[in-house]
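Structure, as structure tokens:
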Amino acid sequence: MANTPDKPTEADLTGTEPRRRPKPSADTIGNRKLNPATMMMGHGYDPMLSEGSLKPPIFATSTFVFPNAAAGKRHFEGVTGKRPGGAEGLVYSRFNGPNQEILEDRLGIWEEAEDALAFSSGMSAIATLFLAMVKPGDTIVHSGPLYAATETLIARILGKFGVHWLDFPAGATREEIDAVLHKAASGNVALIYLESPANPTNALVDVEAVAASRDAIFTGASKPPIAIDNTFLGPLWAKPLKQGADLVVYSLTKYAGGHSDLVAGGVLGSKAHINTLRMMRNTIGTICDPNTAWMLLRSLETLELRMSRAGENAVKVCEYLRTHPKVESVGYLGFLEEGSRQRDIYNRHCTGAGSTFSLYLKGGEKEAFAFLDSLRIAKLAVSLGGTETLASAPAAMTHLSVPDARKQALGITDNLVRISIGVEDADDLIADFEEALKAV
């Protein structure tokens with residue numbers, strides 16, 4: 001007997017049949033809430049939807065098939081906003097795909113965020129955030145310093161379109177933050193943007209103080225969201241959503257990717273804010289590709305292991321460097337002076353000192369270059385958070401475009417070397433640094 005198609009149901013004809021969902025993932029066992037490191041192994045993915053494949057396949061497709069025309073109409077009603085609640089399901093890879101959806105589900109777990117989005121790079125995540133939140137005439141208030149490309153985007157690119165900015169130093173007190181926000185409040189403050197620790201000085205921002213200042217000065221619809229770049233410490237050692245941030249930004253290239261073999265970005269936060277960003281991402285196409293999302297899923301499985309080992313290594317390396325006669329100082333969060341404002345912020349905001357720090361050598365650019373050129377295990381390269389140890393000279397490299405006066409004001413000096421410790425043997429790294437310091 002020949003196979004015949006099932007008779008269409010009312011749901012088939014109206015396009016209201018819900019999209020087939022993965023089998024619900026376990027987030028508790030008995031009364032125990034599962035650790036994020038455990039949930040990275042399978043959350044958001046049902047092998048039975050992919051021929052029993054243990055790991056998600058890479059969905060290499062540009063478009064997805066609708067079950068019927070009514071379902072297509074319903075999807076685009078959501079995409080265009082004609083129907084409340086947004087769009088569910090898959091239609092086109094500029095909007096989303098299975099790999100990206102699984103990745104976003106898992107990213108949100110680390111900080112208990114309501115929702116998350118993945119982007120093609122950290123800077124595309126930041127650019128999409130700014131484009132979604134800011135219009136000509138608005139003001140962005142930010143901490144300083146920021147990653148140089150972020151400062152360039154705010155001042156030189158958005159500035160061309162009539163966007164204004166004011167900033168306060170990363171370690172600012174509540175009173176200093178109040179003063180800047182009061183000044184900015186004469187216009188329309190659309191966004192407060194933070195980076196903590198600051199790149200490359202490692203100065204911490206008091207997120208709680210920023211949130212309290214924002215809440216005291218702005219009310220109702222005029223209250224700007226607080227977004228923060230959490231790349232240096234997140235998601236293991238800092239969770240800014242708990243301190244009052246609304247959105248958390250990542251270069252997933254760094255610790256989340258962790259192998260220096262991909263470029264990606266992410267934003268986490270409330271569903272309302274994420275949906276605003278999603279509409280902009282859908283329009284300009286800044287989503288990450290399926291292969292990159294798949295690689296990030298692989299990396300998230302070992303994130304806690306890699307970050308923990310790198311953090312342990314950093315403690316040993318910094319203890320060695322801080323007493324070396326050719327070292328002026330070490331900007332490592334584990335060395336913050338007890339009773340200092342920075343230590344107070346660290347105690348309230350952080351659960352670890354991270355593995356990226358600032359090394360200030362005695363001398364200037366000549367000495368910094370001699371040190372960098374003599375390294376054999378550590379690689380002379382920008383970026384951070386990979387399995388390998390990296391070192392660079394921010395004043396001459398990543399922050400070269402920053403005006404000299406601003407670099408000096410922010411402590412980005414010629415003798416500063418930024419180091420990101422990897423997962424090598426700590427004693428081997430110390431030996432490498434010891435030999436390189438002989439060239440200084």
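Residue numbering restarts at 1 in every chain; chains get A, B, ... in the order shown in the structure tokens, and ligands count up from 1 in that same order.
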Per-residue DSSP, region 270-372 of chain A, filtered to alpha helix (DSSP H), as an mmCIF file with N, CA, C and O atoms, in the first residue's frame:
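The file below, states-v1.cif, is the result:
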data_model
loop_
_atom_site.group_PDB
_atom_site.id
_atom_site.type_symbol
_atom_site.label_atom_id
_atom_site.label_comp_id
_atom_site.auth_asym_id
_atom_site.auth_seq_id
_atom_site.Cartn_x
_atom_site.Cartn_y
_atom_site.Cartn_z
ATOM 1 N N LYS A 271 15.393 40.103 28.538
ATOM 2 C CA LYS A 271 14.761 39.815 27.244
ATOM 3 C C LYS A 271 14.384 41.098 26.516
ATOM 4 O O LYS A 271 14.521 41.184 25.291
ATOM 5 N N ALA A 272 13.907 42.093 27.257
ATOM 6 C CA ALA A 272 13.489 43.332 26.614
ATOM 7 C C ALA A 272 14.659 44.015 25.916
ATOM 8 O O ALA A 272 14.551 44.431 24.750
ATOM 9 N N HIS A 273 15.794 44.137 26.594
ATOM 10 C CA HIS A 273 16.956 44.772 25.976
ATOM 11 C C HIS A 273 17.534 43.915 24.857
ATOM 12 O O HIS A 273 17.933 44.434 23.800
ATOM 13 N N ILE A 274 17.582 42.614 25.077
ATOM 14 C CA ILE A 274 18.138 41.729 24.045
ATOM 15 C C ILE A 274 17.276 41.757 22.792
ATOM 16 O O ILE A 274 17.791 41.724 21.666
ATOM 17 N N ASN A 275 15.961 41.839 22.945
ATOM 18 C CA ASN A 275 15.096 41.907 21.767
ATOM 19 C C ASN A 275 15.335 43.179 20.960
ATOM 20 O O ASN A 275 15.253 43.180 19.727
ATOM 21 N N THR A 276 15.658 44.291 21.654
ATOM 22 C CA THR A 276 16.001 45.531 20.948
ATOM 23 C C THR A 276 17.255 45.320 20.107
ATOM 24 O O THR A 276 17.319 45.745 18.947
ATOM 25 N N LEU A 277 18.245 44.659 20.680
ATOM 26 C CA LEU A 277 19.488 44.369 19.947
ATOM 27 C C LEU A 277 19.249 43.364 18.836
ATOM 28 O O LEU A 277 19.862 43.445 17.767
ATOM 29 N N ARG A 278 18.351 42.404 19.081
ATOM 30 C CA ARG A 278 18.080 41.373 18.079
ATOM 31 C C ARG A 278 17.522 41.990 16.789
ATOM 32 O O ARG A 278 17.900 41.594 15.684
ATOM 33 N N MET A 279 16.636 42.969 16.932
ATOM 34 C CA MET A 279 16.073 43.625 15.758
ATOM 35 C C MET A 279 17.173 44.302 14.937
ATOM 36 O O MET A 279 17.176 44.244 13.707
ATOM 37 N N MET A 280 18.123 44.943 15.620
ATOM 38 C CA MET A 280 19.227 45.583 14.909
ATOM 39 C C MET A 280 20.144 44.532 14.283
ATOM 40 O O MET A 280 20.578 44.675 13.127
ATOM 41 N N ARG A 281 20.425 43.461 15.016
ATOM 42 C CA ARG A 281 21.286 42.411 14.458
ATOM 43 C C ARG A 281 20.644 41.770 13.237
ATOM 44 O O ARG A 281 21.320 41.476 12.243
ATOM 45 N N ASN A 282 19.338 41.546 13.300
ATOM 46 C CA ASN A 282 18.638 40.980 12.146
ATOM 47 C C ASN A 282 18.785 41.874 10.917
ATOM 48 O O ASN A 282 18.891 41.390 9.788
ATOM 49 N N THR A 283 18.786 43.176 11.140
ATOM 50 C CA THR A 283 18.835 44.132 10.033
ATOM 51 C C THR A 283 20.227 44.232 9.423
ATOM 52 O O THR A 283 20.386 44.194 8.201
ATOM 53 N N ILE A 284 21.250 44.346 10.270
ATOM 54 C CA ILE A 284 22.602 44.602 9.734
ATOM 55 C C ILE A 284 23.455 43.342 9.625
ATOM 56 O O ILE A 284 24.563 43.392 9.079
ATOM 57 N N PRO A 290 27.635 29.711 11.735
ATOM 58 C CA PRO A 290 27.389 28.424 12.406
ATOM 59 C C PRO A 290 28.662 27.713 12.848
ATOM 60 O O PRO A 290 28.697 27.126 13.932
ATOM 61 N N ASN A 291 29.711 27.766 12.042
ATOM 62 C CA ASN A 291 30.940 27.065 12.406
ATOM 63 C C ASN A 291 31.565 27.677 13.655
ATOM 64 O O ASN A 291 32.031 26.951 14.548
ATOM 65 N N THR A 292 31.580 29.008 13.713
ATOM 66 C CA THR A 292 32.123 29.676 14.897
ATOM 67 C C THR A 292 31.291 29.351 16.128
ATOM 68 O O THR A 292 31.841 29.103 17.212
ATOM 69 N N ALA A 293 29.965 29.348 15.989
ATOM 70 C CA ALA A 293 29.097 29.003 17.114
ATOM 71 C C ALA A 293 29.381 27.587 17.592
ATOM 72 O O ALA A 293 29.444 27.318 18.800
ATOM 73 N N TRP A 294 29.589 26.672 16.648
ATOM 74 C CA TRP A 294 29.897 25.275 16.992
ATOM 75 C C TRP A 294 31.223 25.179 17.746
ATOM 76 O O TRP A 294 31.350 24.466 18.742
ATOM 77 N N MET A 295 32.222 25.940 17.296
ATOM 78 C CA MET A 295 33.516 25.933 17.973
ATOM 79 C C MET A 295 33.406 26.514 19.382
ATOM 80 O O MET A 295 34.067 26.046 20.321
ATOM 81 N N LEU A 296 32.572 27.514 19.549
ATOM 82 C CA LEU A 296 32.366 28.084 20.877
ATOM 83 C C LEU A 296 31.680 27.093 21.802
ATOM 84 O O LEU A 296 31.989 27.040 22.998
ATOM 85 N N LEU A 297 30.745 26.310 21.276
ATOM 86 C CA LEU A 297 30.117 25.272 22.087
ATOM 87 C C LEU A 297 31.166 24.292 22.599
ATOM 88 O O LEU A 297 31.124 23.859 23.760
ATOM 89 N N ARG A 298 32.116 23.937 21.751
ATOM 90 C CA ARG A 298 33.234 23.076 22.167
ATOM 91 C C ARG A 298 34.020 23.736 23.286
ATOM 92 O O ARG A 298 34.352 23.117 24.299
ATOM 93 N N SER A 299 34.319 25.028 23.121
ATOM 94 C CA SER A 299 35.160 25.732 24.086
ATOM 95 C C SER A 299 34.474 25.919 25.428
ATOM 96 O O SER A 299 35.127 25.871 26.482
ATOM 97 N N LEU A 300 33.162 26.152 25.423
ATOM 98 C CA LEU A 300 32.462 26.379 26.685
ATOM 99 C C LEU A 300 32.525 25.159 27.599
ATOM 100 O O LEU A 300 32.423 25.284 28.821
ATOM 101 N N LEU A 303 35.645 25.805 29.656
ATOM 102 C CA LEU A 303 35.881 27.177 30.091
ATOM 103 C C LEU A 303 36.338 27.233 31.546
ATOM 104 O O LEU A 303 37.338 27.891 31.871
ATOM 105 N N GLU A 304 35.640 26.563 32.435
ATOM 106 C CA GLU A 304 35.996 26.634 33.853
ATOM 107 C C GLU A 304 37.380 26.037 34.095
ATOM 108 O O GLU A 304 38.180 26.597 34.869
ATOM 109 N N LEU A 305 37.705 24.945 33.432
ATOM 110 C CA LEU A 305 39.014 24.321 33.605
ATOM 111 C C LEU A 305 40.125 25.245 33.124
ATOM 112 O O LEU A 305 41.142 25.435 33.806
ATOM 113 N N ARG A 306 39.950 25.829 31.948
ATOM 114 C CA ARG A 306 40.996 26.675 31.364
ATOM 115 C C ARG A 306 41.196 27.949 32.184
ATOM 116 O O ARG A 306 42.329 28.354 32.475
ATOM 117 N N MET A 307 40.107 28.602 32.542
ATOM 118 C CA MET A 307 40.223 29.844 33.288
ATOM 119 C C MET A 307 40.808 29.604 34.681
ATOM 120 O O MET A 307 41.614 30.403 35.171
ATOM 121 N N SER A 308 40.421 28.505 35.314
ATOM 122 C CA SER A 308 40.952 28.196 36.640
ATOM 123 C C SER A 308 42.456 27.952 36.581
ATOM 124 O O SER A 308 43.217 28.473 37.415
ATOM 125 N N ARG A 309 42.914 27.172 35.587
ATOM 126 C CA ARG A 309 44.352 26.899 35.470
ATOM 127 C C ARG A 309 45.123 28.189 35.156
ATOM 128 O O ARG A 309 46.180 28.443 35.743
ATOM 129 N N ALA A 310 44.603 28.995 34.255
ATOM 130 C CA ALA A 310 45.274 30.239 33.916
ATOM 131 C C ALA A 310 45.341 31.165 35.129
ATOM 132 O O ALA A 310 46.350 31.842 35.358
ATOM 133 N N GLY A 311 44.272 31.211 35.911
ATOM 134 C CA GLY A 311 44.264 32.039 37.110
ATOM 135 C C GLY A 311 45.279 31.576 38.134
ATOM 136 O O GLY A 311 45.966 32.391 38.771
ATOM 137 N N GLU A 312 45.408 30.263 38.316
ATOM 138 C CA GLU A 312 46.402 29.712 39.238
ATOM 139 C C GLU A 312 47.814 30.039 38.761
ATOM 140 O O GLU A 312 48.692 30.382 39.575
ATOM 141 N N ASN A 313 48.046 29.930 37.463
ATOM 142 C CA ASN A 313 49.358 30.280 36.910
ATOM 143 C C ASN A 313 49.692 31.744 37.139
ATOM 144 O O ASN A 313 50.828 32.108 37.454
ATOM 145 N N ALA A 314 48.682 32.611 36.935
ATOM 146 C CA ALA A 314 48.912 34.054 37.066
ATOM 147 C C ALA A 314 49.365 34.419 38.478
ATOM 148 O O ALA A 314 50.225 35.298 38.657
ATOM 149 N N VAL A 315 48.805 33.775 39.493
ATOM 150 C CA VAL A 315 49.213 34.044 40.876
ATOM 151 C C VAL A 315 50.711 33.786 41.035
ATOM 152 O O VAL A 315 51.454 34.618 41.578
ATOM 153 N N LYS A 316 51.185 32.650 40.537
ATOM 154 C CA LYS A 316 52.597 32.281 40.689
ATOM 155 C C LYS A 316 53.506 33.224 39.903
ATOM 156 O O LYS A 316 54.540 33.667 40.400
ATOM 157 N N VAL A 317 53.118 33.532 38.667
ATOM 158 C CA VAL A 317 53.947 34.402 37.827
ATOM 159 C C VAL A 317 54.028 35.805 38.415
ATOM 160 O O VAL A 317 55.105 36.415 38.481
ATOM 161 N N CYS A 318 52.910 36.346 38.851
ATOM 162 C CA CYS A 318 52.898 37.711 39.391
ATOM 163 C C CYS A 318 53.661 37.803 40.705
ATOM 164 O O CYS A 318 54.301 38.827 40.993
ATOM 165 N N GLU A 319 53.600 36.757 41.516
ATOM 166 C CA GLU A 319 54.382 36.748 42.760
ATOM 167 C C GLU A 319 55.869 36.842 42.448
ATOM 168 O O GLU A 319 56.629 37.505 43.160
ATOM 169 N N TYR A 320 56.296 36.184 41.363
ATOM 170 C CA TYR A 320 57.699 36.277 40.959
ATOM 171 C C TYR A 320 58.030 37.682 40.437
ATOM 172 O O TYR A 320 59.030 38.291 40.831
ATOM 173 N N LEU A 321 57.193 38.209 39.580
ATOM 174 C CA LEU A 321 57.498 39.477 38.923
ATOM 175 C C LEU A 321 57.486 40.667 39.882
ATOM 176 O O LEU A 321 58.256 41.614 39.719
ATOM 177 N N ARG A 341 40.223 51.768 47.734
ATOM 178 C CA ARG A 341 38.931 51.740 47.041
ATOM 179 C C ARG A 341 38.892 50.611 46.026
ATOM 180 O O ARG A 341 37.878 49.919 45.883
ATOM 181 N N GLN A 342 39.991 50.400 45.281
ATOM 182 C CA GLN A 342 40.015 49.324 44.294
ATOM 183 C C GLN A 342 39.832 47.962 44.955
ATOM 184 O O GLN A 342 39.141 47.088 44.433
ATOM 185 N N ARG A 343 40.431 47.774 46.132
ATOM 186 C CA ARG A 343 40.276 46.509 46.843
ATOM 187 C C ARG A 343 38.830 46.325 47.300
ATOM 188 O O ARG A 343 38.286 45.207 47.258
ATOM 189 N N ASP A 344 38.202 47.410 47.720
ATOM 190 C CA ASP A 344 36.808 47.342 48.134
ATOM 191 C C ASP A 344 35.916 46.923 46.962
ATOM 192 O O ASP A 344 35.029 46.070 47.121
ATOM 193 N N ILE A 345 36.151 47.506 45.770
ATOM 194 C CA ILE A 345 35.381 47.119 44.581
ATOM 195 C C ILE A 345 35.623 45.645 44.270
ATOM 196 O O ILE A 345 34.681 44.886 43.996
ATOM 197 N N TYR A 346 36.878 45.246 44.320
ATOM 198 C CA TYR A 346 37.226 43.849 44.030
ATOM 199 C C TYR A 346 36.502 42.893 44.980
ATOM 200 O O TYR A 346 35.918 41.890 44.548
ATOM 201 N N ASN A 347 36.518 43.212 46.268
ATOM 202 C CA ASN A 347 35.887 42.329 47.251
ATOM 203 C C ASN A 347 34.387 42.201 47.018
ATOM 204 O O ASN A 347 33.795 41.146 47.264
ATOM 205 N N ARG A 348 33.744 43.283 46.540
ATOM 206 C CA ARG A 348 32.296 43.261 46.324
ATOM 207 C C ARG A 348 31.908 42.667 44.978
ATOM 208 O O ARG A 348 30.816 42.106 44.827
ATOM 209 N N HIS A 349 32.774 42.783 43.983
ATOM 210 C CA HIS A 349 32.392 42.449 42.613
ATOM 211 C C HIS A 349 33.015 41.170 42.058
ATOM 212 O O HIS A 349 32.453 40.580 41.134
ATOM 213 N N GLU A 365 59.857 52.622 26.384
ATOM 214 C CA GLU A 365 59.585 51.757 25.242
ATOM 215 C C GLU A 365 60.762 50.848 24.920
ATOM 216 O O GLU A 365 60.579 49.668 24.577
ATOM 217 N N LYS A 366 61.976 51.355 25.010
ATOM 218 C CA LYS A 366 63.165 50.553 24.710
ATOM 219 C C LYS A 366 63.211 49.301 25.573
ATOM 220 O O LYS A 366 63.441 48.188 25.082
ATOM 221 N N GLU A 367 62.990 49.470 26.863
ATOM 222 C CA GLU A 367 63.042 48.336 27.784
ATOM 223 C C GLU A 367 61.868 47.377 27.550
ATOM 224 O O GLU A 367 62.031 46.153 27.610
ATOM 225 N N ALA A 368 60.689 47.943 27.290
ATOM 226 C CA ALA A 368 59.519 47.099 27.025
ATOM 227 C C ALA A 368 59.738 46.249 25.779
ATOM 228 O O ALA A 368 59.439 45.045 25.764
ATOM 229 N N PHE A 369 60.270 46.869 24.717
ATOM 230 C CA PHE A 369 60.522 46.130 23.478
ATOM 231 C C PHE A 369 61.587 45.065 23.671
ATOM 232 O O PHE A 369 61.485 43.956 23.116
ATOM 233 N N ALA A 370 62.651 45.383 24.447
ATOM 234 C CA ALA A 370 63.716 44.400 24.687
ATOM 235 C C ALA A 370 63.159 43.177 25.400
ATOM 236 O O ALA A 370 63.506 42.032 25.075
ATOM 237 N N PHE A 371 62.282 43.415 26.373
ATOM 238 C CA PHE A 371 61.650 42.314 27.095
ATOM 239 C C PHE A 371 60.792 41.474 26.155
ATOM 240 O O PHE A 371 60.904 40.239 26.105
ATOM 241 N N LEU A 372 59.939 42.126 25.385
ATOM 242 C CA LEU A 372 59.030 41.413 24.486
ATOM 243 C C LEU A 372 59.787 40.607 23.429
ATOM 244 O O LEU A 372 59.412 39.474 23.114
#
Would you give me, as a PDB file with C-alpha atoms, in the first residue's frame, the residues in region 12-207 of chain A that DSSP reads as strand (DSSP E)?
ATOM      1  CA  THR A  28      18.398  20.499  38.656  1.00  0.00           C
ATOM      2  CA  ILE A  29      18.913  16.996  40.046  1.00  0.00           C
ATOM      3  CA  ARG A  32      20.521  20.450  43.626  1.00  0.00           C
ATOM      4  CA  LYS A  33      20.914  23.222  41.082  1.00  0.00           C
ATOM      5  CA  ASP A 115      18.622  36.002  27.132  1.00  0.00           C
ATOM      6  CA  ALA A 116      21.766  36.310  25.030  1.00  0.00           C
ATOM      7  CA  LEU A 117      22.914  37.030  21.473  1.00  0.00           C
ATOM      8  CA  ALA A 118      26.034  35.912  19.595  1.00  0.00           C
ATOM      9  CA  PHE A 119      27.875  38.208  17.176  1.00  0.00           C
ATOM     10  CA  THR A 139      24.940  61.186  24.937  1.00  0.00           C
ATOM     11  CA  ILE A 140      26.918  58.096  25.920  1.00  0.00           C
ATOM     12  CA  VAL A 141      28.513  58.220  29.365  1.00  0.00           C
ATOM     13  CA  HIS A 142      31.381  55.764  29.729  1.00  0.00           C
ATOM     14  CA  SER A 143      34.220  54.747  31.993  1.00  0.00           C
ATOM     15  CA  GLY A 144      37.795  55.195  30.840  1.00  0.00           C
ATOM     16  CA  HIS A 164      28.062  63.076  22.317  1.00  0.00           C
ATOM     17  CA  TRP A 165      30.049  61.471  25.108  1.00  0.00           C
ATOM     18  CA  LEU A 166      31.294  62.128  28.615  1.00  0.00           C
ATOM     19  CA  ASP A 167      33.517  59.866  30.664  1.00  0.00           C
ATOM     20  CA  PHE A 168      34.814  59.248  34.176  1.00  0.00           C
ATOM     21  CA  PRO A 169      37.923  57.269  35.209  1.00  0.00           C
ATOM     22  CA  VAL A 189      21.701  60.015  28.089  1.00  0.00           C
ATOM     23  CA  ALA A 190      20.919  56.926  26.027  1.00  0.00           C
ATOM     24  CA  LEU A 191      23.518  54.541  27.425  1.00  0.00           C
ATOM     25  CA  ILE A 192      26.042  54.171  30.235  1.00  0.00           C
ATOM     26  CA  TYR A 193      28.893  51.996  28.985  1.00  0.00           C
ATOM     27  CA  LEU A 194      31.520  50.486  31.272  1.00  0.00           C
ATOM     28  CA  GLU A 195      34.588  48.312  30.940  1.00  0.00           C
TER      29      GLU A 195
END
Using only C-alpha atoms, which of A:Asp138, A:Asp246, A:Glu104, A:Glu208 sits nearest Gly265 (chain A)?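 Checking each candidate against Gly265 (chain A), we get A:Glu104 as the closest.
Closest approach to Ala71 (chain A) from the set A:Ala405, A:Val91, A:Leu54, A:Ile287 is made by A:Val91, with distances taken over only C-alpha atoms.
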List the spatial neighbours of region 418-435 of chain A as a PDB file with C-alpha atoms, in the first residue's frame - criterion: any atom at most 7 Å away, only C-alpha atoms, same-chain residues fewer than 5 positions off excluded.
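Below is the file out_7.pdb, written as the result:
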ATOM      1  CA  PRO A 200      44.899  47.701  29.617  1.00  0.00           C
ATOM      2  CA  ARG A 306      40.996  26.675  31.364  1.00  0.00           C
ATOM      3  CA  ARG A 309      44.352  26.899  35.470  1.00  0.00           C
ATOM      4  CA  ALA A 310      45.274  30.239  33.916  1.00  0.00           C
ATOM      5  CA  ASN A 313      49.358  30.280  36.910  1.00  0.00           C
ATOM      6  CA  ALA A 314      48.912  34.054  37.066  1.00  0.00           C
ATOM      7  CA  LYS A 316      52.597  32.281  40.689  1.00  0.00           C
ATOM      8  CA  VAL A 317      53.947  34.402  37.827  1.00  0.00           C
ATOM      9  CA  SER A 355      44.962  35.959  34.420  1.00  0.00           C
ATOM     10  CA  THR A 356      45.526  39.189  32.467  1.00  0.00           C
ATOM     11  CA  PHE A 357      47.594  41.926  34.101  1.00  0.00           C
ATOM     12  CA  SER A 358      49.744  44.985  33.482  1.00  0.00           C
ATOM     13  CA  LEU A 359      53.514  44.764  33.946  1.00  0.00           C
ATOM     14  CA  LEU A 375      60.371  35.994  25.167  1.00  0.00           C
ATOM     15  CA  ARG A 376      60.439  32.419  23.912  1.00  0.00           C
ATOM     16  CA  ILE A 377      57.385  30.694  25.410  1.00  0.00           C
ATOM     17  CA  LEU A 384      44.154  37.554  25.634  1.00  0.00           C
ATOM     18  CA  GLY A 385      42.388  34.658  27.291  1.00  0.00           C
ATOM     19  CA  GLY A 386      43.824  31.881  25.124  1.00  0.00           C
ATOM     20  CA  THR A 387      45.498  28.667  26.186  1.00  0.00           C
ATOM     21  CA  GLU A 388      48.867  30.256  25.396  1.00  0.00           C
ATOM     22  CA  THR A 389      50.559  33.154  27.172  1.00  0.00           C
ATOM     23  CA  LEU A 390      50.566  36.417  25.196  1.00  0.00           C
ATOM     24  CA  ALA A 391      52.370  39.714  25.735  1.00  0.00           C
ATOM     25  CA  SER A 392      52.136  43.091  23.999  1.00  0.00           C
ATOM     26  CA  ALA A 393      52.906  46.803  24.380  1.00  0.00           C
ATOM     27  CA  PRO A 394      49.525  48.607  24.440  1.00  0.00           C
TER      28      PRO A 394
END
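Here CA of Ala26 (chain A) and CA of Glu301 (chain A) stand 16.0 Å from one another.
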Please provide the set of residues having any atom within 10 Å of Gly411 (chain A), restricted to only C-alpha atoms, with same-chain residues fewer than 4 positions apart removed, written as an NGL selection string. :A and (145 or 200-201 or 203 or 395 or 406-407 or 416)
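Going from CA of Met39 (chain A) over to CA of Ser25 (chain A), you cover 8.4 Å.
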Show me, as a list in words, the residues that have an atom within 10 Å of Thr351 (chain A) when counting only C-alpha atoms, minus same-chain residues fewer than 5 positions from it.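 The residues satisfying every condition are Leu233, Leu236, Trp237, Ala238, Lys239 and Tyr346 of chain A.
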Using only C-alpha atoms, which residues sit within 9 Å of Val263 (chain A) once same-chain residues fewer than 5 positions away are excluded, as a ChimeraX atom specification? /A:120-122,251-254,257,288,292
Using CA of Val440 (chain A) and CA of Ala378 (chain A) as the two end points, give the distance in Å to one decimal.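 According to the coordinates, CA of Val440 (chain A) and CA of Ala378 (chain A) are separated by 16.2 Å.
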Considering only C-alpha atoms, return as a list in words whatever protein or nucleic-acid residues lie within 8 Å of region 44-53 of chain A, sequence-local ones (same chain, fewer than 6 positions apart) excluded. Pro22, Lys23, Pro24, Ser25, Ile102, Asp105 and Arg106 of chain A
Pick from A:Leu380, A:Ala113, A:Leu262, A:Ile177 nearest to Leu241 (chain A), counting only C-alpha atoms: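 The shortest atom-to-atom distance to Leu241 (chain A) comes from A:Ala113.
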Closest of A:Leu437, A:Gly363, A:Ser383, A:Arg74 to Asp414 (chain A) - atom-to-atom distances counting only C-alpha atoms: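 Distance minimum relative to Asp414 (chain A) lands on A:Gly363.
For the set A:Tyr147, A:Tyr360, A:Phe218, A:Tyr250, the residue with the smallest atom-to-atom gap to His399 (chain A) is A:Tyr147, counting only C-alpha atoms.
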